[in-house]
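Heads up: the structure comes next, in structure tokens.
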Amino acid sequence: MRIVIKIGTSTLTYANGAVNIRRMELLCRAISDMKNAGNEIIIVSSGAIGMGVGKLHLPKRPSDIATKQAAAAVGQCELMYIYDKEFASHNHTVAQILLTAPDLECADRHAKFDATVNKLLELSVIPIINENDTISTEEIEFGDNDTLSARIAASVKADLLVLLSDIEGLYTADPKRDKNATLIKEVKEITDGVMALGEGAGSALGTGGMQTKLRAARIATEAGCDMIITNGSYPERLYDVLDGKAVGTRFYSKKS
């Protein structure tokens, strides 16, 4: 299968922005196993700003564009260094691709992006994609990596999109507020009622929430790609995904 894995900031870092080394090691090990099994893997990774916040010892995620972009520039180096080191330990090569929204909106640039990703996969490389936060502004940004990962999954004709987040999946209500909320294991159709279940913001260091994940599910499934939301705190869940076991919430595509 061709699988896009989106890794959220809350999965990669602690609340203070420092790298969660143990979790990153486990993630890279599990993803390497998925690749060893014959799958093509594309990673969409958040975390640049969050890691920059940690490395610069800032008290919290900055609110102004200039400091966000400075933190992203510092954090992106740290992020790719760790990915390169961890995947190399499992004999896999990674490549970095940084995008802004116009790169997928301009037909020529979009075609070149697809060609580059396909060639990297052909060369058995793991592309690691992130929004180019050092130059993006509110006018040209994707807004969140959930949306970015869904657009990439649609673009490269992926079979599966996996969103690793800080929540188990889609619930009947906000589980942080309602103790009676239950996990919805399967969604066959994304109706207005399903979309209404998404509310609230993401973590303090990230940007996504359930609404962005549901929008991503709609983009992916309409393009023929299944999508799974699961908790990135447990990297071993990726083995269950590989084995076809029920994990988190699975959204079925039109072709499923």
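Going through the structure tokens in order, the chains are called A, B, and so on, while each chain numbers its residues from 1 and the ligands are numbered from 1 in the order shown.
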Could you list, with a cut-off of 10 Å and counting only C-alpha atoms, the residues of region 133-247 of chain A near region 26-37 of chain A, each shown with its nearest atom pair and the distance in Å rounded to one decimal, rows sorted by chain and ascending number, as a tab-separated table?
residue	atom	partner	partner_atom	distance
A:Gly232	CA	A:Leu27	CA	8.6
A:Ser233	CA	A:Leu27	CA	9.5
A:Tyr234	CA	A:Leu27	CA	8.6
A:Pro235	CA	A:Leu27	CA	5.2
A:Glu236	CA	A:Ala30	CA	6.7
A:Arg237	CA	A:Ala30	CA	8.8
A:Leu238	CA	A:Ala30	CA	6.4
A:Tyr239	CA	A:Ala30	CA	6.7
A:Val241	CA	A:Met34	CA	9.3
A:Leu242	CA	A:Met34	CA	6.6
A:Asp243	CA	A:Met34	CA	9.8
Could you save the residues just selected, with N, CA and C atoms, as a JSON list (two decimals), in the first residue's frame?
[["chain", "number", "residue", "atom", "x", "y", "z"],
["A", 232, "GLY", "N", -1.28, 9.03, 18.74],
["A", 232, "GLY", "CA", 0.14, 8.91, 18.45],
["A", 232, "GLY", "C", 0.99, 8.64, 19.67],
["A", 233, "SER", "N", 0.37, 8.66, 20.85],
["A", 233, "SER", "CA", 1.12, 8.34, 22.08],
["A", 233, "SER", "C", 1.51, 6.88, 22.12],
["A", 234, "TYR", "N", 0.90, 6.08, 21.24],
["A", 234, "TYR", "CA", 1.16, 4.64, 21.21],
["A", 234, "TYR", "C", 1.63, 4.23, 19.82],
["A", 235, "PRO", "N", 2.92, 4.43, 19.52],
["A", 235, "PRO", "CA", 3.44, 4.12, 18.18],
["A", 235, "PRO", "C", 3.19, 2.69, 17.74],
["A", 236, "GLU", "N", 3.05, 1.77, 18.72],
["A", 236, "GLU", "CA", 2.81, 0.37, 18.37],
["A", 236, "GLU", "C", 1.48, 0.18, 17.65],
["A", 237, "ARG", "N", 0.60, 1.18, 17.72],
["A", 237, "ARG", "CA", -0.67, 1.08, 16.99],
["A", 237, "ARG", "C", -0.43, 0.94, 15.48],
["A", 238, "LEU", "N", 0.71, 1.43, 15.02],
["A", 238, "LEU", "CA", 1.01, 1.33, 13.59],
["A", 238, "LEU", "C", 1.15, -0.12, 13.15],
["A", 239, "TYR", "N", 1.58, -0.98, 14.07],
["A", 239, "TYR", "CA", 1.65, -2.41, 13.74],
["A", 239, "TYR", "C", 0.24, -2.97, 13.55],
["A", 241, "VAL", "N", -2.29, -1.22, 12.48],
["A", 241, "VAL", "CA", -2.70, -0.69, 11.16],
["A", 241, "VAL", "C", -2.14, -1.60, 10.07],
["A", 242, "LEU", "N", -0.87, -1.96, 10.19],
["A", 242, "LEU", "CA", -0.21, -2.82, 9.21],
["A", 242, "LEU", "C", -0.89, -4.18, 9.12],
["A", 243, "ASP", "N", -1.37, -4.68, 10.26],
["A", 243, "ASP", "CA", -2.02, -6.00, 10.30],
["A", 243, "ASP", "C", -3.51, -5.96, 9.98]]
Region 58-86 of chain A residues near region 11-22 of chain A within 12 Å, closest pair each, using only C-alpha atoms, as a Markdown table:
| residue | atom | partner | partner_atom | distance |
| --- | --- | --- | --- | --- |
| A:Leu58 | CA | A:Asn16 | CA | 8.7 |
| A:Pro59 | CA | A:Asn16 | CA | 7.8 |
| A:Lys60 | CA | A:Asn16 | CA | 7.4 |
| A:Arg61 | CA | A:Gly17 | CA | 8.5 |
| A:Pro62 | CA | A:Gly17 | CA | 11.8 |
| A:Ala71 | CA | A:Gly17 | CA | 10.8 |
| A:Ala72 | CA | A:Gly17 | CA | 11.9 |
| A:Gly75 | CA | A:Gly17 | CA | 9.8 |
| A:Glu78 | CA | A:Val19 | CA | 9.0 |
| A:Leu79 | CA | A:Val19 | CA | 8.7 |
| A:Tyr81 | CA | A:Val19 | CA | 11.8 |
| A:Ile82 | CA | A:Ile21 | CA | 8.7 |
| A:Tyr83 | CA | A:Ile21 | CA | 10.7 |
| A:Lys85 | CA | A:Ile21 | CA | 11.7 |
| A:Glu86 | CA | A:Ile21 | CA | 10.1 |
Output of the above residues as a short mmCIF file (atom, residue, chain, number, x, y, z; two decimals), in the first residue's frame, restricted to N, CA and C atoms:
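To be explicit, this is the file written out as again09.cif:
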data_model
loop_
_atom_site.label_atom_id
_atom_site.label_comp_id
_atom_site.auth_asym_id
_atom_site.auth_seq_id
_atom_site.Cartn_x
_atom_site.Cartn_y
_atom_site.Cartn_z
N LEU A 58 11.62 29.26 24.69
CA LEU A 58 10.54 30.23 24.78
C LEU A 58 9.49 29.72 25.78
N PRO A 59 8.82 30.62 26.50
CA PRO A 59 7.85 30.16 27.51
C PRO A 59 6.60 29.52 26.92
N LYS A 60 6.25 29.86 25.69
CA LYS A 60 5.07 29.29 25.05
C LYS A 60 5.17 29.49 23.54
N ARG A 61 4.23 28.87 22.82
CA ARG A 61 4.20 29.04 21.37
C ARG A 61 3.97 30.51 21.05
N PRO A 62 4.80 31.12 20.19
CA PRO A 62 4.65 32.54 19.88
C PRO A 62 3.37 32.83 19.11
N ALA A 71 11.15 30.37 15.03
CA ALA A 71 11.09 29.09 15.75
C ALA A 71 11.04 27.92 14.76
N ALA A 72 10.29 28.09 13.66
CA ALA A 72 10.20 27.04 12.65
C ALA A 72 11.54 26.78 12.00
N GLY A 75 13.56 24.91 14.58
CA GLY A 75 12.98 23.60 14.87
C GLY A 75 13.04 22.64 13.70
N GLU A 78 16.26 20.68 13.75
CA GLU A 78 16.24 19.66 14.80
C GLU A 78 15.37 18.47 14.38
N LEU A 79 14.21 18.78 13.82
CA LEU A 79 13.26 17.75 13.41
C LEU A 79 13.87 16.80 12.39
N TYR A 81 17.05 16.41 11.63
CA TYR A 81 18.24 15.72 12.17
C TYR A 81 17.82 14.43 12.89
N ILE A 82 16.77 14.52 13.69
CA ILE A 82 16.32 13.35 14.44
C ILE A 82 15.75 12.30 13.50
N TYR A 83 14.91 12.73 12.54
CA TYR A 83 14.36 11.76 11.58
C TYR A 83 15.48 11.07 10.81
N LYS A 85 18.62 10.60 11.61
CA LYS A 85 19.39 9.73 12.50
C LYS A 85 18.61 8.45 12.81
N GLU A 86 17.33 8.59 13.16
CA GLU A 86 16.55 7.42 13.56
C GLU A 86 16.28 6.47 12.39
#
Between CA of Glu122 (chain A) and CA of Asp159 (chain A), what is the spacing in Å? 16.5 Å
Strand (DSSP E or B) per DSSP on the backbone: members of region 25-256 of chain A, as a PyMOL selection string: chain A and resi 40-45+93-99+125-131+160-165+171+183+186-187+226-231+249-251
Output C-alpha atoms for every residue in that selection, as a PDB file, in the first residue's frame.
ATOM      1  CA  GLU A  40       5.461   2.998   0.340  1.00  0.00           C
ATOM      2  CA  ILE A  41       5.537   5.523   3.167  1.00  0.00           C
ATOM      3  CA  ILE A  42       5.132   9.300   3.048  1.00  0.00           C
ATOM      4  CA  ILE A  43       5.344  11.269   6.287  1.00  0.00           C
ATOM      5  CA  VAL A  44       3.695  14.639   6.868  1.00  0.00           C
ATOM      6  CA  SER A  45       5.311  15.925  10.024  1.00  0.00           C
ATOM      7  CA  THR A  93      16.907   7.185   3.746  1.00  0.00           C
ATOM      8  CA  VAL A  94      14.726  10.257   4.199  1.00  0.00           C
ATOM      9  CA  ALA A  95      14.160  13.389   2.127  1.00  0.00           C
ATOM     10  CA  GLN A  96      12.759  16.755   3.177  1.00  0.00           C
ATOM     11  CA  ILE A  97      10.075  18.586   1.207  1.00  0.00           C
ATOM     12  CA  LEU A  98       8.739  21.957   2.393  1.00  0.00           C
ATOM     13  CA  LEU A  99       5.544  23.271   0.792  1.00  0.00           C
ATOM     14  CA  VAL A 125      13.255   6.993   0.073  1.00  0.00           C
ATOM     15  CA  ILE A 126      10.816   8.167   2.779  1.00  0.00           C
ATOM     16  CA  PRO A 127       9.665  11.721   1.894  1.00  0.00           C
ATOM     17  CA  ILE A 128       9.084  13.861   4.996  1.00  0.00           C
ATOM     18  CA  ILE A 129       6.825  16.802   4.179  1.00  0.00           C
ATOM     19  CA  ASN A 130       5.966  19.889   6.191  1.00  0.00           C
ATOM     20  CA  GLU A 131       4.527  23.292   5.477  1.00  0.00           C
ATOM     21  CA  LEU A 160      -4.470   5.076   3.358  1.00  0.00           C
ATOM     22  CA  LEU A 161      -3.957   8.224   5.419  1.00  0.00           C
ATOM     23  CA  VAL A 162      -3.133   7.797   9.119  1.00  0.00           C
ATOM     24  CA  LEU A 163      -3.444  10.817  11.418  1.00  0.00           C
ATOM     25  CA  LEU A 164      -1.479  10.372  14.642  1.00  0.00           C
ATOM     26  CA  SER A 165      -2.958  12.762  17.170  1.00  0.00           C
ATOM     27  CA  TYR A 171     -16.132  10.424  19.714  1.00  0.00           C
ATOM     28  CA  LEU A 183     -15.420   6.158  20.431  1.00  0.00           C
ATOM     29  CA  GLU A 186     -16.105   3.321  11.746  1.00  0.00           C
ATOM     30  CA  VAL A 187     -17.507   6.113   9.588  1.00  0.00           C
ATOM     31  CA  ASP A 226      -9.314   5.577   3.582  1.00  0.00           C
ATOM     32  CA  MET A 227      -8.301   7.520   6.682  1.00  0.00           C
ATOM     33  CA  ILE A 228      -7.603   6.505  10.289  1.00  0.00           C
ATOM     34  CA  ILE A 229      -7.368   8.764  13.334  1.00  0.00           C
ATOM     35  CA  THR A 230      -5.505   7.192  16.245  1.00  0.00           C
ATOM     36  CA  ASN A 231      -3.493   8.206  19.294  1.00  0.00           C
ATOM     37  CA  THR A 249     -11.644   5.675  13.950  1.00  0.00           C
ATOM     38  CA  ARG A 250     -11.542   4.549  10.316  1.00  0.00           C
ATOM     39  CA  PHE A 251     -13.214   6.623   7.608  1.00  0.00           C
TER      40      PHE A 251
END
Ranking A:Leu148, A:Met210, A:Leu121, A:Leu197 by minimum distance to Arg2 (chain A) and counting only C-alpha atoms, which one comes first? A:Leu121
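Remark: for Gln69 (chain A), the closest of the candidate residues A:Ala115, A:Ile135, A:Ala173, A:Leu104 is A:Ile135 (distances computed over only C-alpha atoms).
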Can you work out which one of A:Ile7, A:Thr134, A:Val156, A:Leu123 has the shortest atom-to-atom distance to Thr67 (chain A), counting only C-alpha atoms?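 Distance minimum relative to Thr67 (chain A) lands on A:Thr134.
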Restricting the calculation to only C-alpha atoms: of A:Asp240, A:Thr147, A:Leu170, A:Ile184, which residue gets closest to Arg215 (chain A)? A:Thr147
Which residue out of A:Ser124, A:Ala158, A:His110, A:Ile190 has the minimum interatomic distance to Val4 (chain A) when only C-alpha atoms are used?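 Answer, going by the shortest atom-to-atom distance: A:Ala158.
As for CA of Arg177 (chain A) and CA of Ser46 (chain A), they are spaced 26.2 Å apart.
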List every residue of region 57-254 of chain A that DSSP, applied to the backbone, labels as helix (DSSP H, G or I), and write the result as number ranges by chain. A: 65-88, 102-105, 107-122, 145-155, 192-195, 210-222, 237-242
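Nearest to Met1 (chain A) of all the residues A:Lys157, A:Lys245, A:Lys213, A:Lys179 is A:Lys157, based on only C-alpha atoms.
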